[in-house]
Each structure stands twice: as structure tokens, then as C-alpha cells.
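Take a look at the structure below.
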Amino acid sequence: MMDGCPGKGVGLQSAVQDAETFASFESSDSFNRYQMSNEFSSELLKPPGSISEITVTASYSSALRVKTKSSELKLLSRSSNIQKNNSMLSGLTINKLNIKAIGFIGREREIEVLESCYHRMKEEETERAPYCDQSTSVQSLTQSNLYKELVFIRGYSGVGKSSLAKTLKNEVEETTEGTYVEGKFDLNASGEPYSGIASAFDQICKHIAKRHETSRKNGDPSGDDSLRFGSRLLAELGPATDMLSYLIPQLQYILPSIRRNNRNFDGEQCDFDMVQKRVKYAFRVLMRALNAELSPIVLVLDDLQWADMSSLEVIDFLISDVQNPNALMIVGCYRSNEVDDQSLLFKKIQTLQRKQKRFNFHITDIAVGSCGIDSVNKMIMAMMSIDDEDLTRGLAEVCFKRTAGNPFFLIEFVVMLQEEKLISYNLGLLKWIWDEKKIAEATMTTDNVVDLLQARMRKMPTKVQLLLQYAACLGSSFSTSTLELIWRKQSVMSSDFTVHTISELLTVVVSSNLVEACGETEYRWVHDKVQEAALSLSGIVTPEFQFQIGTALYHSLDASELEEQLFDVVDLINKGQVSKRHEFAKLNLRAAEKAKRISAFHSAAKYAANGIRLLPSDKWTTHRSLTLALYTMGSDVELALGRSGSAEIYSNEVLNRKECTFLEALPLKMAKSLKLCTVDTKFKETVEINLGLLRKLGVKLLWSRATTPLQSVTTLIRTIKMAKKAPAPNEILEKLGRMKDPKHRVTMLLLSRLCYACYRTEDIFLNVMGVCKLVEMTLKYGVCDDSPPGFCGLGMMAVVVQQDYKTAAFFAEVGLALQKACWPSRESETLLIANSFCLPWSRPLQQCLAPVADGYTSGMRSGDTVYAMWNLLCHHVWLPYKMGKRLGPILEQCPKILSQMEEVSQLEQAVALKMFWQMVLNLVTTPVSKDVHKLEGDIFSARGFKGTGAVYLGTMYGWQGELLVFYDLEAAAKRAIKDGDKFAKLSPGTLNNMHETFHRAVALFAMARRTRKRKYRTHANKLANRIRCWMRSGNPNVRHYHMALMAEQAALGKKYDLAEENYKNAISLAARTGHMHDAALINERYAEFLHEELSDEQESMYRLGEAIRFYEAWGAFGKAEVLQKQLQHFVCVSKH
């Protein structure tokens, strides 16, 4: 038998309190009677007089000093005053286990590592950047991302992973601008998408809403800032607002208004991949905004081993966000024994480890194991407030053997020992006493912590046990309102049920350290093992029990509450032995639709399958519309998951029914077409399927394949003529109205998909036919979401076929006007076509910069990352290059843009970027070989490239031409003679055609003057006339091109005075409009003219020096170095 005396573990305040309580207790006869009530008293008091004096010293002071003499001890039997004595003793703390005193014993190293990650993030955080709205968000691509931390804490259940993460809370909240939030994934709610992340975001929104409300009440001017913040956030989130507000209820309190619009959810206008990307980007944008208000944000996500794939993707998207300039730390806790190399979490961690260098965030892995015997001993000493480690060593060895050093298991084990009176505190002697041998024998069968927890729960009142089981069915957290609904329902159902208030029962549960409050009316389990123990406490939580809970919620919750808890309610109902009831089948359809809207396709598939299972055998007769909807949903989401076999089973159930109409089967066939196009990338098959569906809808595009070229040209001319008569952009929507017929809207959607498939298969003529049909149907039946890109596409064709730039601009303006009134899923495409193909022929390029930036933002919002990346490329690369912006800043953007493109798997744009990147590097760096004019280097090699598409070939051909013009005019001229308008054929209508045509003309004129050969002159004059036509049609971007080519023509015709005048005017205009590269090239050509034609060496060297100056200002130092050598040669020759 061992005993221990209290030591420094007891605090001063509790010691003083205990002294006062004990003093009053000692003065009564109850003191002696209480000694006899202790089962160990008789042993400890033998022999009488052996304990003459007991002295107890409290920690940090001698506040508690109690002396008693053995002669004063009287042995008395228990009396009826025991209850009164117990009441007096309840104020004591010295006789209770001090669980909180354990703290983080044995976790010093892990805490140090975790805190070092937090401090590193804080140290690296630069000046806080204000939240930027949609018009400037693309600019933030230049910001650094060196202050984000991703920490994984892994270990077995109960080792203290969550508690370790919580050590950051106080430190974070000391910074008034920061916040610490938690989210938890639940095994029993693993089908609920984004549950843990949405919960954490909900807490952040609640924090911000509370702060804004406080500011408004106090009359703080920042109250107006909160309204502006909400308005900006609403604009930035755009159509994703509704979706996020369903996931994050508190979001509505920081936004000025939310208009519910189910159309935003239907996903009808975009493929499944776009829906997933839209959700991830929405979370990313929301985090940027919240992080700008609160920095740092520490987001702790517990039980990641149960996280769904969508949530893991969001974590990836948040931590790798290069546009979030504020401090963010994500801490993920997971059970290492439940994560193997085939799990989703393991694979995602591997992906993040590969990405951390590129995206500049830090990953730290903290392994938390069980505690050693020394730490276990210290924990027991802390709980018992004992200083002497030798006293508790034996007990620690028993506890260590039974719990394997697991902290949570250890605490429950020691609590059990006290409840079973295997350890107790003797007030007569002021000591903890225990018998190690007896403990070891009595706890031989204690296998796990769940058994201990259940043993403790069974000692509680019956009503408390029932409450625990009800709460366990609701997940890792629950609200009092939901619990009350179930409690009242069960009270009515059970005749012998006595109604107790929830608050009374929860008080018992909280005091027992089984659940904890996490808000005014919200509670959560202190550990998932507690929830697990409650679920299997008495066998009452059967499938039938869970079904009753689910139906109770279903019938009791109002519409908004049911929508918020839809997944939980449906999961509970599905767990039960549900009879075939169409009511619950319909409820599963609702859950599947909601899951599909937020890209949780695994959950949607599960709900669709359950809904079908609940349909009666005569479903096609009695519930035809519901049955059709469920099978269509099942096919859709199975296709989204890539499970073609399952999708085909659902699809065939509908298609094989004779009474199935074409319109009923159409969604299934369209889904199959969408999969062929977006997943299988079988574009030719997509074309044929869509043509077949259009024919059945009464739309026959082609006479025959043989006549397609002729038919497309005649159709295009007719459609352009018809569209020219369309109302003005500001009137067209009002006059045409909305397209109302669903059949017509489906036809427009099929035509849009057909056009995209034709573009990918380079079937130009059929693409023309599809675009013309889109415009014709819009003019005839009204406007729908596919109308804006249709008009812009027609404008592009007006440029390519008719060179009618005024008409092209009109069609683009119509498309942009219509887009403002349409669903934004195709806004990115509309903006790109308008500002890269139509408007640059009649507007300054500078005016196209902002719209393509908007196109990037819109595409990322809607999930259209294809056009988002083209817009990004246009905004940061193509337009700045054509405008003569400095090459240095453009190059700085290249790796960041490439990371984004690879992140969203847009490899076509990534290859196009690499081609440009390599070309610029060849201009910027010092030439190390004679092959500098070739598109070869570390970033891209044309020699080894195997791509065959028109986009690849056109882009590569264009940038190879750039290098030839700057480094080898003779080769450029020969290629121009050989290939002619090859670039225009590969990349028809693009703004790059202007620059490419000018450079070809320069090369041809150079060779015409050097060789005097007619073939060069003829081709050069043809291109000069083309540029003259562009200028006369109102193109403001080619005026200096025209002047420079007029100078070349005059020089070739020996009109030297006119040539000099035009050279000077062209240089002046190019420099004045910021086209440094063109000013440099024209100076170079002027220098050659002065040297070769006028023999004016002095002026020639001056102009060559000017060319070098402009090239260096532009950033083309490699090219400038080549000219510098040429200038030095001229100087040497002139001296001799």
C-alpha cells in the first residue's frame, strides 16, 4: 500500500479555500466521523498514536497549515449527518484529481516545433495588403507567398494531437487582428462534403460579423468599412455566393444581401469539372477576403483521415494561393494508423510536398507518440498534486502498462480508479492512498478507453445516458435546439418518459467532461472516442433508432433548418430499415441535387442510389417523374466520377424503356456527349453525337460533308448581313427578350458544345456553321446564356473572312452587352474573343488589358479555367509584349503564371507560355551560340517538341519569327517568301497577326534593299498595303507600322528625303506610345539606311546607338549586345 502527500501541484487560491473549509469542518464532530467513513482509515490509523502530527504545506505559500494531535481523534460511527458533511466537503479541491494540471507534460519538443512554425509565419509576413476587388485581383499575382505554413500532426487516437494544436490559441488571440478557428471531420458524416472546412469558415465569418456589429454600435467609422467590405466580397464571389452561403450559414451576416437563386446551382451550363473548380476557387477568394480582415488566421482541421476528397482539394487550393498576401497557417491532425499509402490523405500530402517549393509554403510534419513512463509519472503527480516522484512511481508503472502511455486513456483510467475507490484521498491524513497490487489485479481486463468511458456513463442517470446517445447520432457537434426537438419527440413516443430540460442534463454531461460548449447553444464531444462510446453504450442506437431520430428531425425542422441539416437528416434516415417510401426517395434526390451543386459527386452518387432503392416496384407507373430524375442524377454523377459502367446501368434503365420520349432521354445523351468532350477528349465522336442530337431536335446544320466549305461561306455571309440589322447593344436585350422555350435553350447548349469540339478538331467550316446558327436562333427566339460568345464568335469571323473590322467591333459590343444580363459561366470566353480577336483591330491595345483581366477573374469564379488561363496569358504576356512593355516584369510573371496553369491542368496554355518565355530569354540573355535565333533553350525546345495542334504550331511559328526578325533578317525574309500567310492561317484573327505582319514586311524590305530582287519587293509591298488598309479602317495600333514601312518603300524607291522623314516620324510615334521594341527596330533599320544608302557614318552610328538604348530600355540586353559589337566595329572602321 502506498500513499502520497500533497505538494506543489496545489495552487495558492485553492489552498487558502481548502484551509478555510477544512478549519470549519475540523471544529465539528463530523471531522472524526468522516475519518471512519473512509475505507482505508482503520489501516492508516494503526497503531494509535503512530501519527502524532500532520503538516500540509500549500504551493507557493504556507497558507494551509493544519495540526491535529492523535489524542484528539475519536472513532465514531457514521451518523445521519453524512450528507451534511459531504456538502461541507464539496468545497474542497485538494481531494479531487486536478486533470487540468497535466497540461502538456511530455510534449515540450512538439510544442516548440509547432510554435516555431507560427513564429516563422509571423516573421515572414510582410506589410498587410488591403483586400482588392475584382478589377485588380489579377495584379496580385506578383505578390509573394512566403508566409504560409502547413503543419500535419499525426499519431494514434488519444495521444493529444488536438490539444497540441490548441496551444496556439492563446498566442494567436493575443493579436487582436488574428483568429484561431477549428473544424472537425466526422466519420459518421463522412458523406457530408466540406463539413470540417465549412465549420471553420463559419467561425471566421462569425468573428468578423461580431466585430463589425461592435464597431457599428460604438459609432466607429470602421462600421462603414464593414459595409464596403461586404459589398466588395459579394462582388468578388459573384455567383458562388449562394453556394457558399448554404455551406457557411454565418456568411450571410457579413454580406449586405444574398439573393437565393437556384439557377446559380444547377450546373446546367457547365461541365462537372467546372463545378468543382468553381467551388475551390470560391473558397480561395473567400479566404483572401477574410484573411485581409484577420491576420494571421490559424485554421485547425481535426480528424483529416475522414476528410472527403473535395475538402482535401480545398486545403491544397488555400495553402498554394499565390494571391493571398496575408499570414495563413493550416494545421491538420490525423490518425496515422488509419492512413496508408493508398488513402486520399496520404496521396494529397505527397502532392503538397512536391508543390511546396514552387508555391513557397512550408510543410512541417509532427509525429506525436505515446508518453514514456517518466511522463506518465509526472502526469499522475500533477493530477494528485504530489511532488515526490518516488511516491507515485509504482502507480505510474501500473498505469503505463494498462494505457501504453496514451494520455487520453491514462486520464480516463485514473478517473476510473478513483470512481472505483482504488485510489482515494484520505482527509484524515491529507494523503492520496492506493494499493498498487490491488489496482493491477482489478484492472487486468481493461482493454481500451471506450470500455472505461462506457463504464463511467452507465453510472449516470438513465436520462443522461439517453441524452448522450441522442447527441451521438447528431455527429461530432450538435446544437441544443436540435437536441430538444429529438428529446420532445421521444418524450411523446415513450409513455414512461419523464421530460427533463436539456439544460439540466447537459450540465451533468459537461461537468463530467464528456462534452464541451463551443458557443452559446453549440456543444461538441471532447474526443471522438467519447462519441464512439455513447453510440454503443446500451445497444439502443440501432438502425431503427437512428431512423427514428432522422424522421423526428425531418418532421420537426422548418424548411430553412432542414435545408441546413439536410445531409445529416438523410444520413440518419438511410441508416435505418427504411421501407420503400417515395417521400424518402424524394428527400434523397434533394440531398443528391445539393451535393451535386457543390461538386460532392461521391455523396451525390450515394444519395441517388439510396433514392432509387427506396422507390416502389411500380415506380415507373406511380412515380414516373421522380424515378426519371433519380436515374438521370445517378447517371450524371457516376459519369462525373469516371465510373462509366455504373452510369451506363442507370442510363440504360431509362433508354431501354419503350415509353421513354426523346426529350426525357435527352439529358442522359447530353451527359454522355459532355463526358466524351471533357473527360475522354474524343472530340470527333462528340461532334457526331451532337450533330445527331441536333437533327432529332429539328436542326439540320449540314447539307452534306462534301458541300460544307461552300455552305459555311454562304451561311456566314447571310448571317453577318442579318446580324448587322440587330438592335444597338444598349437595346438588344429589351427588343429580343429572353429565350423561353426549353427546347431552344437545349439546342443552343448543344450548338455551343459542337463549336468547341469543332475548334479542337480544327473543323473550321462546321465551327462557322455552328456559330452562325447560334446567332440566328438568338435573333429569332431571344437571348440565352450561349448568345454572347455566339455574337463575339461571329465578330471574329467577320475579321478573318471579310476583314470587316467595324462590323466585328459591333458584334463584340453586342456580345458584351448581352453578357451583362446572362449567367457568367461563359463570360470568360466572351471577354477573350471580344478583346483578343475583335476589338484590337479598332481600339488601342491598352483598352483591352482590363477586360481580359476581368475575363481571368470571371473564368476562375465560374470554373472555366480554360478561358481563364488564356485571358491570364493575354493580360500578362501577349498584350504587354505587343505594347512594348519592359521584358523584365513580364519575365517575372512567367513562372507564377506557369504555376497557375499547371495547378488547374491547362497544359496547352502552359506550353504556349513556355514558347514565349524561351523567346524572351533569347532576347534578354547574352547570346552563347549562333542558334540564338532559334527557339531553343532550357525552358522550351522546338527541336524536341511533338505537338501537332494548330494552337501549338501557330504559337511556335509566331515566336520563331520574332527571333528571326531580331537576329537574322535574311532567314526571316526567306521564310516569309516560302510560307506566306502561314501564321494567319494557323492563328486566324488574333491580335498577334498585326505584329507578325509588320515584322515580315520589315524583313522583306531589308532583303529587297540588300539584294534588289523583285520577289522580296513584291511580297513586302503587299504586306505594306495590308497594314495601310488596317490603318485606314481605324486601327490605332498600326500607325507607326505604316510610317516605318512607308520609309522602307521610299528608301527602296530612292526617295531618301521622304524616307528620312518617315523614319523619324515612325520612331517618334513609337516612342511616344510606349512601343520601345518597335522604336528600337525602326532605329536599327534607319541606321542601316543611313550607312548603306547615304554613307552617313556619323548619323548611322548615332541611330545604332539609339537602337541599343531602346533595346536596353525594353530589356532585350542580348540583342543590344549584338548591336553594341556592330557599333564598335563601325567606330573602328571610321577611325581607319
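In the C-alpha cells, chains take the letters A, B, ... in the order shown, each chain's residues start at 1, and ligands count up from 1 in the order shown.
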
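Look at Phe837 (chain A): the protein and nucleic acid residues within 7 Å of it, using only C-alpha atoms and passing over chain neighbours fewer than 3 places away, are Met796, Ile833, Ala834, Pro840, Gly989, Thr990 and Leu991 of chain A.
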
Can you write out the residues you just picked, keeping N, CA, C and O atoms, as an mmCIF file, in the first residue's frame?
data_model
loop_
_atom_site.group_PDB
_atom_site.id
_atom_site.type_symbol
_atom_site.label_atom_id
_atom_site.label_comp_id
_atom_site.auth_asym_id
_atom_site.auth_seq_id
_atom_site.Cartn_x
_atom_site.Cartn_y
_atom_site.Cartn_z
ATOM 1 N N MET A 796 -15.403 37.640 -84.764
ATOM 2 C CA MET A 796 -14.092 37.104 -85.137
ATOM 3 C C MET A 796 -14.108 36.636 -86.595
ATOM 4 O O MET A 796 -13.143 36.847 -87.340
ATOM 5 N N ILE A 833 -12.658 36.453 -76.591
ATOM 6 C CA ILE A 833 -12.890 36.581 -78.031
ATOM 7 C C ILE A 833 -13.040 38.048 -78.413
ATOM 8 O O ILE A 833 -12.470 38.512 -79.412
ATOM 9 N N ALA A 834 -13.792 38.792 -77.589
ATOM 10 C CA ALA A 834 -14.018 40.202 -77.908
ATOM 11 C C ALA A 834 -12.733 41.009 -77.880
ATOM 12 O O ALA A 834 -12.477 41.836 -78.779
ATOM 13 N N PRO A 840 -9.288 44.615 -80.804
ATOM 14 C CA PRO A 840 -7.944 45.166 -81.038
ATOM 15 C C PRO A 840 -7.747 45.744 -82.437
ATOM 16 O O PRO A 840 -6.815 46.534 -82.639
ATOM 17 N N GLY A 989 -7.184 35.715 -87.134
ATOM 18 C CA GLY A 989 -7.889 36.772 -86.424
ATOM 19 C C GLY A 989 -7.276 37.254 -85.141
ATOM 20 O O GLY A 989 -7.767 38.226 -84.549
ATOM 21 N N THR A 990 -6.199 36.651 -84.654
ATOM 22 C CA THR A 990 -5.646 37.066 -83.361
ATOM 23 C C THR A 990 -4.927 38.396 -83.492
ATOM 24 O O THR A 990 -4.456 38.789 -84.571
ATOM 25 N N LEU A 991 -4.800 39.094 -82.377
ATOM 26 C CA LEU A 991 -4.110 40.385 -82.372
ATOM 27 C C LEU A 991 -2.635 40.235 -82.728
ATOM 28 O O LEU A 991 -1.989 41.194 -83.164
#

Considering only C-alpha atoms, return as a PyMOL selection string whatever protein or nucleic-acid residues lie within 8 Å of Gln203 (chain A), sequence-local ones (same chain, fewer than 6 positions apart) excluded.
chain A and resi 181-182+250

Who sits within 12 Å of Val852 (chain A), only C-alpha atoms, same chain under 6 positions skipped, as number ranges by chain
A: 134-136, 138-139, 827-837, 839-840, 845-846, 858-859, 867-879

Dump as a JSON list (two decimals), in the first residue's frame, selection limited to C-alpha atoms:
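So selection36.json came out as:
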[["chain", "number", "residue", "atom", "x", "y", "z"],
["A", 134, "GLN", "CA", -12.22, 42.01, -58.84],
["A", 135, "SER", "CA", -10.80, 44.74, -61.06],
["A", 136, "THR", "CA", -7.35, 44.49, -59.55],
["A", 138, "VAL", "CA", -5.23, 39.73, -61.23],
["A", 139, "GLN", "CA", -2.47, 42.20, -60.38],
["A", 827, "GLU", "CA", -18.21, 35.37, -69.60],
["A", 828, "SER", "CA", -14.51, 34.48, -69.69],
["A", 829, "GLU", "CA", -14.86, 33.11, -73.22],
["A", 830, "THR", "CA", -16.86, 36.15, -74.35],
["A", 831, "LEU", "CA", -14.30, 38.62, -72.98],
["A", 832, "LEU", "CA", -11.36, 36.77, -74.54],
["A", 833, "ILE", "CA", -12.89, 36.58, -78.03],
["A", 834, "ALA", "CA", -14.02, 40.20, -77.91],
["A", 835, "ASN", "CA", -10.71, 41.63, -76.68],
["A", 836, "SER", "CA", -8.25, 39.34, -78.48],
["A", 837, "PHE", "CA", -9.95, 38.87, -81.84],
["A", 839, "LEU", "CA", -11.78, 44.91, -80.68],
["A", 840, "PRO", "CA", -7.94, 45.17, -81.04],
["A", 845, "LEU", "CA", -4.46, 47.61, -77.12],
["A", 846, "GLN", "CA", -4.29, 49.38, -73.75],
["A", 858, "SER", "CA", -14.66, 35.51, -64.20],
["A", 859, "GLY", "CA", -13.28, 32.25, -65.55],
["A", 867, "TYR", "CA", -10.50, 30.56, -70.95],
["A", 868, "ALA", "CA", -9.34, 31.95, -67.60],
["A", 869, "MET", "CA", -5.78, 30.87, -68.42],
["A", 870, "TRP", "CA", -5.96, 32.23, -71.97],
["A", 871, "ASN", "CA", -7.09, 35.55, -70.51],
["A", 872, "LEU", "CA", -4.26, 35.42, -67.98],
["A", 873, "LEU", "CA", -1.75, 34.75, -70.74],
["A", 874, "CYS", "CA", -3.16, 37.60, -72.80],
["A", 875, "HIS", "CA", -3.12, 40.03, -69.89],
["A", 876, "HIS", "CA", 0.37, 39.32, -68.57],
["A", 877, "VAL", "CA", 2.21, 38.24, -71.70],
["A", 878, "TRP", "CA", 0.81, 38.83, -75.15],
["A", 879, "LEU", "CA", -0.71, 42.29, -74.75]]

Would you list the contacts of region 594-610 of chain A as a PyMOL selection string, taking every protein, DNA or RNA residue within 7 Å and counting only C-alpha atoms, but skipping same-chain residues closer than 3 positions in sequence?
chain A and resi 191-193+243+265-267+275-276+279+310+588-591+613-614+630+633-634+637-638+640-641

Write a file of the selected residues as a tab-separated table (two decimals), in the first residue's frame, keeping N, CA, C and O atoms.
chain	number	residue	atom	x	y	z
A	191	GLY	N	-19.92	11.47	-45.51
A	191	GLY	CA	-20.54	11.76	-46.80
A	191	GLY	C	-20.90	13.22	-46.97
A	191	GLY	O	-21.25	13.65	-48.06
A	192	GLU	N	-20.83	13.99	-45.87
A	192	GLU	CA	-21.17	15.40	-45.96
A	192	GLU	C	-19.96	16.18	-46.44
A	192	GLU	O	-18.94	16.25	-45.76
A	193	PRO	N	-20.04	16.78	-47.60
A	193	PRO	CA	-18.85	17.44	-48.18
A	193	PRO	C	-18.48	18.73	-47.46
A	193	PRO	O	-19.35	19.45	-46.97
A	243	MET	N	-23.96	29.46	-53.23
A	243	MET	CA	-23.42	28.14	-52.91
A	243	MET	C	-22.69	28.17	-51.57
A	243	MET	O	-22.90	27.30	-50.71
A	265	PHE	N	-27.12	27.24	-59.03
A	265	PHE	CA	-26.67	25.95	-58.55
A	265	PHE	C	-26.78	24.84	-59.58
A	265	PHE	O	-26.19	23.79	-59.42
A	266	ASP	N	-27.60	25.04	-60.62
A	266	ASP	CA	-27.98	23.87	-61.39
A	266	ASP	C	-26.86	23.27	-62.20
A	266	ASP	O	-26.93	22.12	-62.59
A	267	GLY	N	-25.79	24.03	-62.46
A	267	GLY	CA	-24.66	23.48	-63.19
A	267	GLY	C	-25.00	23.11	-64.62
A	267	GLY	O	-24.25	22.45	-65.30
A	275	VAL	N	-17.69	22.82	-62.26
A	275	VAL	CA	-18.35	22.97	-60.96
A	275	VAL	C	-17.35	22.78	-59.83
A	275	VAL	O	-17.31	23.57	-58.87
A	276	GLN	N	-16.51	21.76	-59.92
A	276	GLN	CA	-15.51	21.52	-58.88
A	276	GLN	C	-14.53	22.67	-58.77
A	276	GLN	O	-14.19	23.11	-57.67
A	279	VAL	N	-16.09	25.73	-57.02
A	279	VAL	CA	-16.18	25.63	-55.56
A	279	VAL	C	-14.82	25.92	-54.92
A	279	VAL	O	-14.71	26.69	-53.96
A	310	SER	N	-12.97	16.39	-51.81
A	310	SER	CA	-13.23	17.80	-52.12
A	310	SER	C	-12.61	18.71	-51.06
A	310	SER	O	-12.03	19.76	-51.39
A	588	ASN	N	-33.89	11.93	-50.67
A	588	ASN	CA	-32.56	11.57	-51.15
A	588	ASN	C	-32.22	12.30	-52.44
A	588	ASN	O	-31.07	12.67	-52.67
A	589	LEU	N	-33.21	12.50	-53.29
A	589	LEU	CA	-32.97	13.27	-54.52
A	589	LEU	C	-32.58	14.70	-54.19
A	589	LEU	O	-31.66	15.26	-54.81
A	590	ARG	N	-33.25	15.29	-53.19
A	590	ARG	CA	-32.87	16.65	-52.77
A	590	ARG	C	-31.44	16.69	-52.29
A	590	ARG	O	-30.67	17.61	-52.61
A	591	ALA	N	-31.06	15.69	-51.50
A	591	ALA	CA	-29.68	15.65	-50.99
A	591	ALA	C	-28.69	15.45	-52.13
A	591	ALA	O	-27.61	16.06	-52.14
A	613	ARG	N	-33.22	2.97	-54.42
A	613	ARG	CA	-33.52	1.80	-53.58
A	613	ARG	C	-34.86	1.96	-52.87
A	613	ARG	O	-35.57	0.96	-52.62
A	614	LEU	N	-35.24	3.17	-52.56
A	614	LEU	CA	-36.48	3.42	-51.81
A	614	LEU	C	-37.71	3.55	-52.70
A	614	LEU	O	-38.82	3.74	-52.19
A	630	LEU	N	-34.18	10.56	-60.55
A	630	LEU	CA	-33.17	9.83	-59.79
A	630	LEU	C	-32.21	9.08	-60.70
A	630	LEU	O	-30.99	9.10	-60.49
A	633	MET	N	-29.99	11.61	-62.41
A	633	MET	CA	-28.99	12.09	-61.45
A	633	MET	C	-27.89	11.05	-61.25
A	633	MET	O	-26.69	11.38	-61.26
A	634	GLY	N	-28.29	9.80	-61.08
A	634	GLY	CA	-27.29	8.74	-60.89
A	634	GLY	C	-26.34	8.64	-62.06
A	634	GLY	O	-25.12	8.51	-61.88
A	637	VAL	N	-23.84	11.85	-62.10
A	637	VAL	CA	-22.76	11.91	-61.13
A	637	VAL	C	-21.79	10.73	-61.28
A	637	VAL	O	-20.59	10.87	-60.99
A	638	GLU	N	-22.29	9.59	-61.74
A	638	GLU	CA	-21.38	8.48	-62.00
A	638	GLU	C	-20.44	8.82	-63.15
A	638	GLU	O	-19.25	8.47	-63.12
A	640	ALA	N	-19.49	11.85	-63.82
A	640	ALA	CA	-18.56	12.84	-63.25
A	640	ALA	C	-17.44	12.16	-62.49
A	640	ALA	O	-16.32	12.67	-62.44
A	641	LEU	N	-17.73	11.01	-61.89
A	641	LEU	CA	-16.73	10.27	-61.13
A	641	LEU	C	-15.89	9.35	-62.01
A	641	LEU	O	-15.00	8.66	-61.52

Neighbours of region 737-752 of chain A within 9 Å (only C-alpha atoms; same-chain residues fewer than 2 positions away dropped), as JSON, numbers by chain?
{"A": [269, 663, 670, 690, 691, 693, 694, 697, 699, 732, 733, 734, 735, 754, 755, 756, 757, 770, 771, 773, 774, 777, 778, 781, 782, 783, 784, 785, 786, 787, 789, 790]}

With distances taken over only C-alpha atoms, the candidate from A:Asp763, A:Cys838, A:His1040, A:Ile197 nearest Phe791 (chain A) is A:Cys838

List the spatial neighbours of Leu294 (chain A) as a VMD selection string - criterion: any atom at most 6 Å away, only C-alpha atoms, same-chain residues fewer than 2 positions off excluded.
chain A and resid 177 to 178 291 to 292

Where in region 340-449 of chain A does DSSP assign strand (DSSP E), given as a count of residues only?
14

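Minimum distance to Gln418 (chain A) across A:Trp434, A:His995, A:Ser1033, A:Val322 (counting only C-alpha atoms) occurs at A:Trp434.
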